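input36.cif (mmCIF, C-alpha atoms) appears below.
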```
data_work
loop_
_atom_site.label_atom_id
_atom_site.label_comp_id
_atom_site.auth_asym_id
_atom_site.auth_seq_id
_atom_site.Cartn_x
_atom_site.Cartn_y
_atom_site.Cartn_z
CA MET S 1 -41.80 42.96 -19.78
CA ARG S 2 -44.59 43.05 -17.23
CA ILE S 3 -44.16 44.54 -13.77
CA ARG S 4 -46.43 43.87 -10.83
CA VAL S 5 -46.18 45.38 -7.36
CA TRP S 6 -46.69 43.06 -4.38
CA GLY S 7 -45.36 45.42 -1.75
CA CYS S 8 -44.30 49.07 -1.86
CA ARG S 9 -44.22 50.12 1.78
CA GLY S 10 -40.90 51.20 3.25
CA SER S 11 -39.25 50.33 6.55
CA LEU S 12 -42.06 48.41 8.21
CA ALA S 13 -45.20 46.63 7.09
CA ALA S 14 -48.18 48.86 7.77
CA PRO S 15 -51.44 46.99 7.25
CA GLY S 16 -54.71 48.52 8.38
CA PRO S 17 -57.62 50.66 7.31
CA ASP S 18 -55.39 53.68 6.57
CA THR S 19 -53.27 51.85 4.00
CA VAL S 20 -55.81 49.80 2.07
CA ARG S 21 -55.50 51.59 -1.27
CA TYR S 22 -51.68 51.53 -1.60
CA GLY S 23 -51.00 48.56 0.64
CA GLY S 24 -48.99 47.85 3.74
CA ASN S 25 -46.58 45.15 2.56
CA THR S 26 -42.90 45.94 2.26
CA SER S 27 -40.98 45.87 -1.01
CA THR S 28 -41.58 43.08 -3.49
CA VAL S 29 -41.94 43.52 -7.24
CA GLU S 30 -42.54 40.79 -9.78
CA VAL S 31 -41.07 41.21 -13.24
CA ARG S 32 -42.07 38.84 -16.03
CA LEU S 33 -39.74 39.05 -18.95
CA ASP S 34 -41.06 38.58 -22.46
CA ASP S 35 -39.70 35.02 -22.60
CA GLY S 36 -41.53 34.13 -19.37
CA THR S 37 -38.51 34.37 -17.08
CA LEU S 38 -39.58 35.26 -13.55
CA VAL S 39 -37.62 37.94 -11.73
CA ILE S 40 -38.48 39.10 -8.22
CA LEU S 41 -37.12 42.29 -6.77
CA ASP S 42 -36.71 42.16 -3.01
CA ALA S 43 -38.25 39.83 -0.48
CA GLY S 44 -40.29 42.13 1.72
CA THR S 45 -43.54 40.96 3.22
CA GLY S 46 -45.15 41.26 -0.21
CA ILE S 47 -43.33 38.13 -1.34
CA ARG S 48 -45.64 35.96 0.78
CA ALA S 49 -48.67 36.73 -1.36
CA LEU S 50 -46.59 36.45 -4.53
CA GLY S 51 -45.50 32.98 -3.45
CA ASN S 52 -49.09 31.95 -2.87
CA HIS S 53 -50.02 33.31 -6.28
CA LEU S 54 -47.22 31.38 -7.96
CA ALA S 55 -48.22 28.18 -6.17
CA LYS S 56 -51.67 28.42 -7.70
CA SER S 57 -50.30 28.93 -11.18
CA ASP S 58 -51.29 26.35 -13.81
CA GLU S 59 -47.68 26.07 -14.87
CA PRO S 60 -45.42 25.24 -11.94
CA ILE S 61 -42.56 27.66 -11.51
CA LYS S 62 -39.24 25.91 -11.97
CA LYS S 63 -36.76 28.75 -11.80
CA ILE S 64 -36.79 32.10 -9.99
CA ASN S 65 -34.25 34.89 -9.89
CA LEU S 66 -34.61 36.94 -6.72
CA PHE S 67 -32.66 40.21 -6.78
CA LEU S 68 -32.14 41.93 -3.44
CA SER S 69 -31.43 45.65 -3.48
CA HIS S 70 -29.88 45.38 -0.01
CA LEU S 71 -30.32 43.43 3.16
CA HIS S 72 -32.27 45.78 5.38
CA LEU S 73 -35.02 43.89 7.13
CA ASP S 74 -37.92 45.33 5.14
CA HIS S 75 -36.38 43.92 1.95
CA VAL S 76 -35.66 40.40 3.18
CA GLU S 77 -38.10 39.68 6.00
CA GLY S 78 -40.55 37.84 3.77
CA ILE S 79 -38.13 35.24 2.47
CA GLY S 80 -39.01 32.62 5.07
CA PHE S 81 -42.67 32.95 4.13
CA PHE S 82 -42.12 32.66 0.38
CA SER S 83 -43.69 29.30 -0.44
CA ALA S 84 -41.27 28.62 -3.29
CA ILE S 85 -38.36 28.13 -0.89
CA TRP S 86 -40.16 25.15 0.63
CA ASN S 87 -40.49 23.48 -2.74
CA PRO S 88 -37.46 21.28 -3.57
CA ASP S 89 -38.33 21.42 -7.26
CA VAL S 90 -37.75 25.16 -7.48
CA GLU S 91 -34.37 26.47 -8.62
CA LEU S 92 -33.99 29.73 -6.71
CA HIS S 93 -31.14 32.08 -7.54
CA VAL S 94 -30.66 34.84 -4.96
CA TRP S 95 -28.65 37.87 -6.03
CA GLY S 96 -27.49 40.65 -3.74
CA PRO S 97 -24.81 43.25 -3.07
CA PRO S 98 -21.45 41.82 -2.02
CA SER S 99 -19.73 42.29 1.31
CA PRO S 100 -15.96 42.26 1.87
CA LEU S 101 -16.39 40.01 4.88
CA ARG S 102 -19.40 37.74 4.62
CA SER S 103 -21.10 35.90 1.81
CA LEU S 104 -24.66 36.74 0.84
CA GLN S 105 -25.74 33.37 2.22
CA ASP S 106 -24.08 34.04 5.57
CA ARG S 107 -25.69 37.44 5.89
CA LEU S 108 -29.14 36.10 5.04
CA ALA S 109 -28.61 33.18 7.40
CA THR S 110 -28.47 35.65 10.28
CA LEU S 111 -32.09 36.47 9.55
CA MET S 112 -33.14 32.87 9.01
CA SER S 113 -31.81 31.17 12.09
CA PRO S 114 -32.93 30.81 15.70
CA PRO S 115 -33.90 32.74 17.69
CA LEU S 116 -35.19 35.00 14.90
CA PHE S 117 -36.58 32.16 12.78
CA PRO S 118 -37.20 28.50 13.61
CA VAL S 119 -35.53 27.01 10.52
CA HIS S 120 -31.98 27.53 9.33
CA LEU S 121 -31.59 28.91 5.84
CA ALA S 122 -29.30 25.99 5.02
CA ASP S 123 -32.21 23.62 5.64
CA VAL S 124 -34.77 25.10 3.27
CA PRO S 125 -35.73 22.49 0.67
CA CYS S 126 -35.14 24.48 -2.49
CA ARG S 127 -31.43 24.94 -1.72
CA PRO S 128 -31.02 28.50 -2.98
CA ILE S 129 -28.03 29.38 -5.11
CA TYR S 130 -26.40 32.67 -4.07
CA HIS S 131 -24.71 35.21 -6.28
CA ASP S 132 -22.98 38.49 -5.59
CA VAL S 133 -24.28 40.87 -8.23
CA PRO S 134 -21.54 41.42 -10.82
CA ASP S 135 -20.05 44.78 -11.68
CA GLU S 136 -20.60 44.18 -15.36
CA GLU S 137 -23.76 43.92 -17.38
CA PHE S 138 -25.20 40.43 -17.53
CA THR S 139 -28.18 38.62 -19.00
CA ILE S 140 -31.22 37.06 -17.36
CA GLY S 141 -33.64 35.43 -19.78
CA GLY S 142 -33.92 37.88 -22.63
CA ALA S 143 -33.07 40.94 -20.55
CA ARG S 144 -29.82 42.72 -20.02
CA VAL S 145 -29.29 43.63 -16.40
CA TYR S 146 -27.15 46.46 -15.13
CA VAL S 147 -26.39 46.89 -11.43
CA GLN S 148 -24.80 49.85 -9.69
CA GLY S 149 -24.10 50.73 -6.09
CA VAL S 150 -26.29 53.59 -4.91
CA ALA S 151 -26.30 55.97 -1.96
CA HIS S 152 -28.15 54.41 0.97
CA ARG S 153 -27.16 53.19 4.41
CA GLY S 154 -25.17 49.98 3.92
CA SER S 155 -24.22 48.22 0.73
CA THR S 156 -27.12 48.84 -1.66
CA VAL S 157 -27.64 48.52 -5.39
CA GLY S 158 -30.12 49.68 -7.99
CA TYR S 159 -31.17 47.48 -10.90
CA ARG S 160 -31.85 48.30 -14.52
CA PHE S 161 -33.51 45.79 -16.87
CA GLU S 162 -33.61 46.23 -20.62
CA GLU S 163 -35.51 43.95 -22.92
CA ASN S 164 -36.71 44.40 -26.50
CA GLY S 165 -36.09 48.13 -26.44
CA ARG S 166 -37.87 48.79 -23.14
CA SER S 167 -36.30 49.58 -19.81
CA PHE S 168 -37.19 49.47 -16.14
CA ALA S 169 -35.16 50.70 -13.17
CA TYR S 170 -35.65 49.83 -9.53
CA ILE S 171 -34.03 51.95 -6.80
CA PRO S 172 -36.28 51.52 -3.78
CA ASP S 173 -33.96 52.97 -1.15
CA HIS S 174 -31.90 55.90 -2.29
CA GLU S 175 -30.71 59.30 -1.14
CA PRO S 176 -29.03 60.89 -4.16
CA ALA S 177 -29.47 64.38 -2.71
CA LEU S 178 -27.39 63.66 0.39
CA GLY S 179 -25.19 66.70 0.92
CA GLN S 180 -25.75 68.12 -2.54
CA ASP S 181 -28.22 70.07 -4.61
CA LEU S 182 -29.46 67.87 -7.44
CA GLU S 183 -30.33 70.93 -9.47
CA SER S 184 -26.72 72.06 -9.70
CA VAL S 185 -24.63 68.90 -9.90
CA GLU S 186 -23.51 67.10 -13.04
CA PRO S 187 -25.20 63.72 -13.66
CA GLU S 188 -22.01 61.68 -13.33
CA TRP S 189 -21.84 62.87 -9.72
CA VAL S 190 -25.36 61.69 -8.97
CA SER S 191 -25.82 58.25 -7.50
CA GLY S 192 -28.05 56.06 -9.65
CA PHE S 193 -27.40 57.86 -12.93
CA PRO S 194 -26.55 54.90 -15.20
CA VAL S 195 -29.30 52.79 -13.63
CA ALA S 196 -32.10 55.28 -14.16
CA HIS S 197 -30.97 57.32 -17.14
CA GLY S 198 -33.67 57.44 -19.81
CA VAL S 199 -35.69 54.46 -18.60
CA ASP S 200 -39.31 53.90 -19.52
CA VAL S 201 -40.24 53.27 -15.90
CA LEU S 202 -38.42 54.12 -12.68
CA PHE S 203 -39.50 52.86 -9.28
CA HIS S 204 -37.83 55.19 -6.79
CA ASP S 205 -37.70 55.87 -3.08
CA SER S 206 -40.08 58.67 -2.07
CA GLN S 207 -40.28 58.09 1.64
CA TYR S 208 -40.44 61.61 3.03
CA THR S 209 -42.19 64.88 2.44
CA GLU S 210 -40.07 67.99 2.05
CA GLU S 211 -41.00 68.93 5.62
CA GLU S 212 -39.96 65.53 7.01
CA TYR S 213 -36.67 65.25 5.17
CA PRO S 214 -34.54 67.65 7.27
CA THR S 215 -35.03 65.55 10.39
CA HIS S 216 -34.28 62.35 8.45
CA ARG S 217 -31.28 63.54 6.46
CA ALA S 218 -28.67 60.79 5.89
CA TRP S 219 -31.13 58.06 6.77
CA GLY S 220 -30.79 56.88 3.19
CA HIS S 221 -34.10 58.04 1.71
CA SER S 222 -35.46 60.76 -0.52
CA SER S 223 -38.04 63.45 -0.18
CA ILE S 224 -40.77 63.78 -2.79
CA ALA S 225 -38.96 66.82 -4.19
CA HIS S 226 -35.66 64.94 -4.46
CA THR S 227 -37.37 62.07 -6.21
CA VAL S 228 -38.95 64.39 -8.74
CA SER S 229 -35.63 66.19 -9.33
CA PHE S 230 -33.87 62.87 -9.76
CA GLY S 231 -36.53 61.59 -12.17
CA GLN S 232 -36.32 64.73 -14.25
CA MET S 233 -32.54 64.74 -14.28
CA MET S 234 -32.59 61.12 -15.43
CA LYS S 235 -35.17 61.95 -18.11
CA VAL S 236 -37.33 59.00 -17.12
CA ARG S 237 -40.61 58.62 -18.95
CA ASN S 238 -42.67 57.30 -16.04
CA LEU S 239 -41.81 57.92 -12.42
CA VAL S 240 -43.38 55.65 -9.84
CA LEU S 241 -43.17 56.82 -6.23
CA PHE S 242 -42.15 53.82 -4.14
CA HIS S 243 -41.18 52.88 -0.58
CA HIS S 244 -43.97 54.74 1.17
CA ASP S 245 -43.32 55.67 4.76
CA PRO S 246 -45.30 53.40 7.14
CA ALA S 247 -46.66 56.48 8.90
CA HIS S 248 -48.27 57.84 5.74
CA SER S 249 -51.94 57.03 5.21
CA ASP S 250 -53.58 56.66 1.81
CA GLU S 251 -54.93 60.19 2.08
CA GLU S 252 -51.52 61.59 2.92
CA LEU S 253 -49.89 59.73 0.06
CA GLU S 254 -52.38 61.30 -2.32
CA VAL S 255 -51.50 64.74 -1.02
CA HIS S 256 -47.82 63.90 -1.58
CA LEU S 257 -48.66 62.78 -5.10
CA GLY S 258 -50.27 66.14 -5.73
CA ARG S 259 -47.07 67.84 -4.66
CA ALA S 260 -45.02 65.54 -6.91
CA LYS S 261 -47.21 66.39 -9.90
CA GLU S 262 -46.91 70.08 -9.14
CA LEU S 263 -43.11 69.81 -9.08
CA TRP S 264 -43.02 67.57 -12.13
CA GLY S 265 -44.83 70.04 -14.34
CA SER S 266 -45.63 68.90 -17.86
CA ASN S 267 -42.55 66.72 -18.45
CA ASN S 268 -43.60 63.32 -19.83
CA ASP S 269 -46.32 61.52 -17.89
CA ALA S 270 -47.00 62.68 -14.36
CA PRO S 271 -45.63 60.63 -11.44
CA VAL S 272 -47.85 57.96 -9.93
CA LEU S 273 -47.93 56.23 -6.57
CA ALA S 274 -46.93 52.59 -6.41
CA ARG S 275 -49.69 50.45 -4.99
CA GLU S 276 -50.09 46.77 -4.32
CA GLY S 277 -51.58 45.09 -7.37
CA MET S 278 -50.34 47.78 -9.77
CA GLU S 279 -49.36 46.29 -13.12
CA ILE S 280 -47.29 47.96 -15.79
CA GLU S 281 -46.93 46.43 -19.22
CA LEU S 282 -43.89 47.33 -21.28
CA PRO S 283 -44.53 45.68 -24.65
CA PRO S 284 -41.57 45.26 -27.02
CA ALA S 285 -40.75 48.58 -28.66
CA MET I 1 -27.31 49.74 -22.53
CA THR I 2 -25.38 52.26 -20.50
CA GLU I 3 -22.74 53.14 -23.05
CA GLY I 4 -21.55 56.69 -22.53
CA VAL I 5 -23.50 57.00 -19.29
CA ARG I 6 -21.11 56.98 -16.39
CA GLN I 7 -21.56 57.38 -12.69
CA ARG I 8 -18.68 58.01 -10.36
CA SER I 9 -18.32 55.46 -7.59
CA VAL I 10 -20.68 56.12 -4.69
CA ALA I 11 -17.61 56.31 -2.43
CA LEU I 12 -16.16 59.08 -4.60
CA ILE I 13 -19.51 60.88 -4.73
CA LEU I 14 -19.82 60.79 -0.96
CA ALA I 15 -16.18 61.86 -0.50
CA ARG I 16 -16.84 64.87 -2.70
CA GLU I 17 -19.97 65.73 -0.76
CA LEU I 18 -17.99 65.48 2.45
CA ALA I 19 -15.50 67.95 0.97
CA VAL I 20 -18.29 70.29 -0.09
CA ASN I 21 -19.55 70.38 3.47
CA LEU I 22 -16.20 70.70 5.25
CA VAL I 23 -14.14 73.78 5.95
CA THR I 24 -11.04 71.58 6.16
CA PRO I 25 -9.25 71.98 2.83
CA MET I 26 -9.76 68.80 0.81
CA LEU I 27 -8.87 67.55 -2.66
CA ILE I 28 -10.48 64.59 -4.39
CA TRP I 29 -8.63 62.55 -7.03
CA ASP I 30 -10.21 59.91 -9.22
CA GLU I 31 -8.76 56.48 -9.92
CA GLU I 32 -6.74 57.79 -12.85
CA GLY I 33 -5.04 60.43 -10.74
CA THR I 34 -7.08 63.30 -12.11
CA LEU I 35 -8.20 66.06 -9.78
CA VAL I 36 -11.99 65.94 -9.71
CA TYR I 37 -12.76 68.39 -6.92
CA PHE I 38 -11.41 70.63 -4.23
CA ASN I 39 -13.43 72.68 -1.81
CA GLU I 40 -13.48 76.40 -1.15
CA SER I 41 -11.09 76.13 1.78
CA ALA I 42 -8.57 74.38 -0.45
CA GLN I 43 -9.04 77.13 -3.00
CA ALA I 44 -7.78 79.65 -0.44
CA ILE I 45 -4.53 77.71 -0.03
CA ILE I 46 -3.99 76.67 -3.63
CA GLY I 47 -4.66 80.19 -4.80
CA ARG I 48 -6.99 79.36 -7.66
CA ARG I 49 -10.60 78.23 -8.17
CA TYR I 50 -11.35 74.59 -8.88
CA GLU I 51 -13.05 75.53 -12.12
CA ASP I 52 -9.70 76.81 -13.36
CA MET I 53 -7.86 73.65 -12.41
CA ALA I 54 -10.27 70.84 -13.23
CA ASP I 55 -8.65 67.74 -14.70
CA MET I 56 -5.22 68.52 -13.27
CA THR I 57 -3.13 65.36 -12.88
CA VAL I 58 -0.76 64.51 -10.05
CA GLU I 59 2.15 65.14 -12.40
CA GLU I 60 1.10 68.76 -12.50
CA LEU I 61 1.60 69.11 -8.74
CA GLN I 62 5.15 70.02 -9.68
CA GLN I 63 3.92 73.50 -10.57
CA PHE I 64 3.58 74.17 -6.84
CA GLN I 65 7.36 73.84 -6.47
CA PRO I 66 7.10 71.60 -3.42
CA THR I 67 10.04 71.44 -1.03
CA ASP I 68 10.71 69.85 2.31
CA LEU I 69 11.17 72.01 5.40
CA ASP I 70 14.85 72.50 4.57
CA GLY I 71 14.05 73.79 1.11
CA ASN I 72 15.05 70.65 -0.77
CA PRO I 73 12.84 70.02 -3.81
CA LEU I 74 10.27 67.28 -3.38
CA SER I 75 9.54 64.97 -6.24
CA VAL I 76 5.92 64.50 -7.24
CA ARG I 77 6.48 60.83 -6.40
CA ASP I 78 7.15 61.84 -2.78
CA MET I 79 3.98 63.84 -2.33
CA ALA I 80 1.22 62.44 -0.18
CA SER I 81 -1.42 62.45 -2.92
CA THR I 82 0.84 60.61 -5.33
CA ILE I 83 1.65 57.95 -2.76
CA ALA I 84 -2.04 57.45 -1.99
CA LEU I 85 -2.82 57.19 -5.69
CA GLU I 86 0.07 55.06 -6.82
CA SER I 87 0.91 52.92 -3.79
CA ARG I 88 -2.67 52.96 -2.51
CA GLU I 89 -1.39 53.60 0.98
CA PRO I 90 -2.06 56.52 3.32
CA ALA I 91 0.72 59.08 3.51
CA HIS I 92 1.55 62.24 5.43
CA ARG I 93 3.97 64.98 4.40
CA VAL I 94 5.00 68.36 5.73
CA MET I 95 6.15 70.69 2.96
CA TYR I 96 6.31 74.12 1.48
CA ILE I 97 4.52 74.97 -1.73
CA THR I 98 4.30 78.05 -3.85
CA ALA I 99 0.63 78.64 -4.33
CA LEU I 100 -0.76 79.91 -7.61
CA ASP I 101 -1.33 83.31 -6.06
CA GLY I 102 2.46 83.45 -5.52
CA ALA I 103 2.43 82.94 -1.76
CA ARG I 104 4.85 80.46 -0.21
CA ARG I 105 2.96 78.30 2.28
CA ARG I 106 3.87 75.58 4.70
CA LEU I 107 1.40 72.70 4.58
CA ASP I 108 0.70 69.49 6.43
CA VAL I 109 -0.89 67.04 3.98
CA THR I 110 -2.50 63.71 4.70
CA ALA I 111 -3.77 61.60 1.81
CA TYR I 112 -5.46 58.24 1.74
CA PRO I 113 -6.76 55.94 -0.99
CA LEU I 114 -10.43 55.13 -1.48
CA LEU I 115 -10.94 51.40 -1.80
CA THR I 116 -14.46 50.11 -2.13
CA ARG I 117 -15.88 46.62 -2.02
CA GLY I 118 -13.83 44.05 -3.81
CA ASP I 119 -10.81 46.26 -3.10
CA GLU I 120 -11.74 48.37 -6.09
CA PHE I 121 -9.61 51.49 -6.14
CA VAL I 122 -11.72 54.54 -7.01
CA GLY I 123 -9.47 57.48 -6.10
CA ALA I 124 -7.88 59.29 -3.21
CA VAL I 125 -8.55 62.10 -0.79
CA ALA I 126 -6.01 64.64 0.44
CA ILE I 127 -6.67 66.95 3.36
CA PHE I 128 -4.26 69.68 4.22
CA TRP I 129 -3.85 72.63 6.45
CA GLU I 130 -1.41 75.36 7.31
CA PRO I 131 0.08 74.87 10.78
CA GLY I 132 -1.64 77.09 13.29
CA GLN I 133 -4.74 77.38 11.15
CA ALA I 134 -6.24 73.97 11.82
#
```

Reformat the file's structure so that it appears as structure tokens.
Amino acid sequence: MRIRVWGCRGSLAAPGPDTVRYGGNTSTVEVRLDDGTLVILDAGTGIRALGNHLAKSDEPIKKINLFLSHLHLDHVEGIGFFSAIWNPDVELHVWGPPSPLRSLQDRLATLMSPPLFPVHLADVPCRPIYHDVPDEEFTIGGARVYVQGVAHRGSTVGYRFEENGRSFAYIPDHEPALGQDLESVEPEWVSGFPVAHGVDVLFHDSQYTEEEYPTHRAWGHSSIAHTVSFGQMMKVRNLVLFHHDPAHSDEELEVHLGRAKELWGSNNDAPVLAREGMEIELPPA
Amino acid sequence: MTEGVRQRSVALILARELAVNLVTPMLIWDEEGTLVYFNESAQAIIGRRYEDMADMTVEELQQFQPTDLDGNPLSVRDMASTIALESREPAHRVMYITALDGARRRLDVTAYPLLTRGDEFVGAVAIFWEPGQA
């Protein structure tokens, strides 16, 4: 399994000289499974560059599985600019959390319709196929996929992929510490537990500093300290701080990383900051 | 891949956290009708700590010797929590119980089921109070 970050900014794209090192595009992560299957996590603004990259590939992409963690704008706003959707030869499967009232297609169509967008979603040439994520484990390519609802504003899921003995979890927007002390609660009462438990790599929300969190409580995001506590509780081997606040410059993110390392101590490898272009290889165990 | 690793439903987690942060007495039941939490205010009425009562089932509510206002025994089936758990409908009852500290208390109880997306039933919440102390 190979993981590549195309966007790791939270809430709003934040390009500019202050965000060059970690990037300003919103959430998009490419996952290449060992059998070549292409999985994309979220369709933030980072998916535009990924689409361009795929279009230049020597081997044309025929099938894509796009997994949406939720439908907040920063996770879907790039979909209309993803070149693959304009290619009728691409088979695009879009997966997302279910709603009791409206289909995934209907909810996405709100974004891709006038006056917000000039073309209706129903008219895009690749004719996406929509799926509510199932409650039970399922298989994509050679990977087993597990999906679980997690604590965030609105219907939101986290994803866990396991392939050839390696595991990767993606929970970009998550507030497991809402109303409770992660240090004192049993794991089964912590949102995201089965998704993140014992994974090789966890990408996790780390939007706020400890100082910022109190004024953003219940907004659906974590502080650096919560993210570290969650990662330690889940016994993850590599914690990747993801969903950077758009107000945080590269320099500030590096200060936050220092704090995360201090809190992490000597458990496994120290946390790292997600950055555009970051690649993580998880060879078969 | 996740064998033996279980997470409670997010709705149940958030209901419990609501209870933790409320002074209104509140009990949380899981989908199997097992008591999974009650808050400190509920402890004062029940007369025992949650830690001493964890995993109680609705059947065991009988130990509180519930009666209606006229003193007629109430079946467990007629209690608000049981109705919310078994019929998956909200229910309200006014009753007397004998708390585990021996005190006889009059309670108003409202219980409601927790149904998440796909109409998945994940448990029930019961809030209660003694008249005049709300």

Problem set entry | Nearby residues (only C-alpha atoms) at most 12 Å from Pro131 in chain I, same-chain spacing under 4 positions excluded, as a ChimeraX atom specification | /I:94-96,105-109

Exercise. Please, what distance in Å, to one decimal, runs between CA of Asp78 in chain I and CA of Phe64 in chain I?
Worked result: 13.5 Å

For this session: Run through the PyMOL selection byres ((chain S) within 6 of (chain I)) on the given coordinates and return the selected residues as a VMD selection string.
Result: chain S and resid 100 179 188 to 189 193 to 194

For Gln65 in chain I, find every residue with an atom within 12 Å (counting only C-alpha atoms), except residues of its own chain fewer than 2 positions away, and show them as a PDB file with C-alpha atoms, in the coordinates of the input.
```
ATOM      1  CA  GLU I  59       2.150  65.140 -12.400  1.00  0.00           C
ATOM      2  CA  GLU I  60       1.100  68.760 -12.500  1.00  0.00           C
ATOM      3  CA  LEU I  61       1.600  69.110  -8.740  1.00  0.00           C
ATOM      4  CA  GLN I  62       5.150  70.020  -9.680  1.00  0.00           C
ATOM      5  CA  GLN I  63       3.920  73.500 -10.570  1.00  0.00           C
ATOM      6  CA  THR I  67      10.040  71.440  -1.030  1.00  0.00           C
ATOM      7  CA  ASP I  68      10.710  69.850   2.310  1.00  0.00           C
ATOM      8  CA  GLY I  71      14.050  73.790   1.110  1.00  0.00           C
ATOM      9  CA  ASN I  72      15.050  70.650  -0.770  1.00  0.00           C
ATOM     10  CA  PRO I  73      12.840  70.020  -3.810  1.00  0.00           C
ATOM     11  CA  LEU I  74      10.270  67.280  -3.380  1.00  0.00           C
ATOM     12  CA  SER I  75       9.540  64.970  -6.240  1.00  0.00           C
ATOM     13  CA  VAL I  76       5.920  64.500  -7.240  1.00  0.00           C
ATOM     14  CA  MET I  79       3.980  63.840  -2.330  1.00  0.00           C
ATOM     15  CA  MET I  95       6.150  70.690   2.960  1.00  0.00           C
ATOM     16  CA  TYR I  96       6.310  74.120   1.480  1.00  0.00           C
ATOM     17  CA  ILE I  97       4.520  74.970  -1.730  1.00  0.00           C
ATOM     18  CA  THR I  98       4.300  78.050  -3.850  1.00  0.00           C
ATOM     19  CA  ALA I  99       0.630  78.640  -4.330  1.00  0.00           C
ATOM     20  CA  LEU I 100      -0.760  79.910  -7.610  1.00  0.00           C
ATOM     21  CA  GLY I 102       2.460  83.450  -5.520  1.00  0.00           C
ATOM     22  CA  ALA I 103       2.430  82.940  -1.760  1.00  0.00           C
ATOM     23  CA  ARG I 104       4.850  80.460  -0.210  1.00  0.00           C
ATOM     24  CA  ARG I 105       2.960  78.300   2.280  1.00  0.00           C
ATOM     25  CA  ARG I 106       3.870  75.580   4.700  1.00  0.00           C
TER      26      ARG I 106
END
```

For this session: Report the distance between CA of Phe117 in chain S and CA of Gly220 in chain S in Å, rounded to one decimal place.
Result: 27.1 Å

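The two atoms in question, CA of Gln180 in chain S and CA of His226 in chain S, are spaced 10.6 Å apart.
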
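If you measure from each of I:Val23, I:Ala54, I:Gly33, I:Ala42 to Thr82 in chain I using only C-alpha atoms, the closest one turns out to be I:Gly33.
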
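For the set S:Val90, S:Leu38, S:Ile171, S:Leu263, the residue with the smallest atom-to-atom gap to His243 in chain S is S:Ile171, counting only C-alpha atoms.
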
Exercise. Can you list what the PyMOL selection byres ((chain S and resi 214-218) around 10) grabs from this structure, as a count of residues only?
Worked result: 18

Resolved residues for the PyMOL selection byres ((chain S and resi 47) around 8) as a PDB file with C-alpha atoms, in the coordinates of the input:
```pdb
ATOM      1  CA  TRP S   6     -46.690  43.060  -4.380  1.00  0.00           C
ATOM      2  CA  GLY S   7     -45.360  45.420  -1.750  1.00  0.00           C
ATOM      3  CA  THR S  28     -41.580  43.080  -3.490  1.00  0.00           C
ATOM      4  CA  ASP S  42     -36.710  42.160  -3.010  1.00  0.00           C
ATOM      5  CA  ALA S  43     -38.250  39.830  -0.480  1.00  0.00           C
ATOM      6  CA  GLY S  44     -40.290  42.130   1.720  1.00  0.00           C
ATOM      7  CA  THR S  45     -43.540  40.960   3.220  1.00  0.00           C
ATOM      8  CA  GLY S  46     -45.150  41.260  -0.210  1.00  0.00           C
ATOM      9  CA  ARG S  48     -45.640  35.960   0.780  1.00  0.00           C
ATOM     10  CA  ALA S  49     -48.670  36.730  -1.360  1.00  0.00           C
ATOM     11  CA  LEU S  50     -46.590  36.450  -4.530  1.00  0.00           C
ATOM     12  CA  GLY S  51     -45.500  32.980  -3.450  1.00  0.00           C
ATOM     13  CA  GLY S  78     -40.550  37.840   3.770  1.00  0.00           C
ATOM     14  CA  ILE S  79     -38.130  35.240   2.470  1.00  0.00           C
ATOM     15  CA  PHE S  81     -42.670  32.950   4.130  1.00  0.00           C
ATOM     16  CA  PHE S  82     -42.120  32.660   0.380  1.00  0.00           C
TER      17      PHE S  82
END
```

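Distances from S:Asp245, S:Glu262, S:Glu91, S:Glu30 to Arg4 in chain S were compared using only C-alpha atoms, and the smallest one belongs to S:Glu30.
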
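Of the residues listed (S:Pro98, S:Gly10, S:Gly141, S:Pro176), S:Gly141 shows the shortest atom-to-atom separation from Phe161 in chain S; distances use all atoms listed in the file.
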
Problem set entry | From I:Met53, I:Leu69, I:Ala84, I:Ala44, residue lying nearest Gly123 in chain I [all atoms listed in the file] | I:Ala84

For this session: Extract, using all atoms listed in the file, all DNA, RNA and protein residues at most 8 Å from range 25-32 of chain I, discarding same-chain residues fewer than 2 positions from it, and format them as a ChimeraX atom specification.
Result: /I:12,15-16,19,22-23,34-43,45,85,121-129

Restricting the output to C-alpha atoms, write the selected residues as a compact mmCIF listing (two decimals), in the coordinates of the input.
```txt
# COMPACT_ATOMS: atom_id res chain seq x y z
CA LEU I 12 -16.16 59.08 -4.60
CA ALA I 15 -16.18 61.86 -0.50
CA ARG I 16 -16.84 64.87 -2.70
CA ALA I 19 -15.50 67.95 0.97
CA LEU I 22 -16.20 70.70 5.25
CA VAL I 23 -14.14 73.78 5.95
CA THR I 34 -7.08 63.30 -12.11
CA LEU I 35 -8.20 66.06 -9.78
CA VAL I 36 -11.99 65.94 -9.71
CA TYR I 37 -12.76 68.39 -6.92
CA PHE I 38 -11.41 70.63 -4.23
CA ASN I 39 -13.43 72.68 -1.81
CA GLU I 40 -13.48 76.40 -1.15
CA SER I 41 -11.09 76.13 1.78
CA ALA I 42 -8.57 74.38 -0.45
CA GLN I 43 -9.04 77.13 -3.00
CA ILE I 45 -4.53 77.71 -0.03
CA LEU I 85 -2.82 57.19 -5.69
CA PHE I 121 -9.61 51.49 -6.14
CA VAL I 122 -11.72 54.54 -7.01
CA GLY I 123 -9.47 57.48 -6.10
CA ALA I 124 -7.88 59.29 -3.21
CA VAL I 125 -8.55 62.10 -0.79
CA ALA I 126 -6.01 64.64 0.44
CA ILE I 127 -6.67 66.95 3.36
CA PHE I 128 -4.26 69.68 4.22
CA TRP I 129 -3.85 72.63 6.45
```
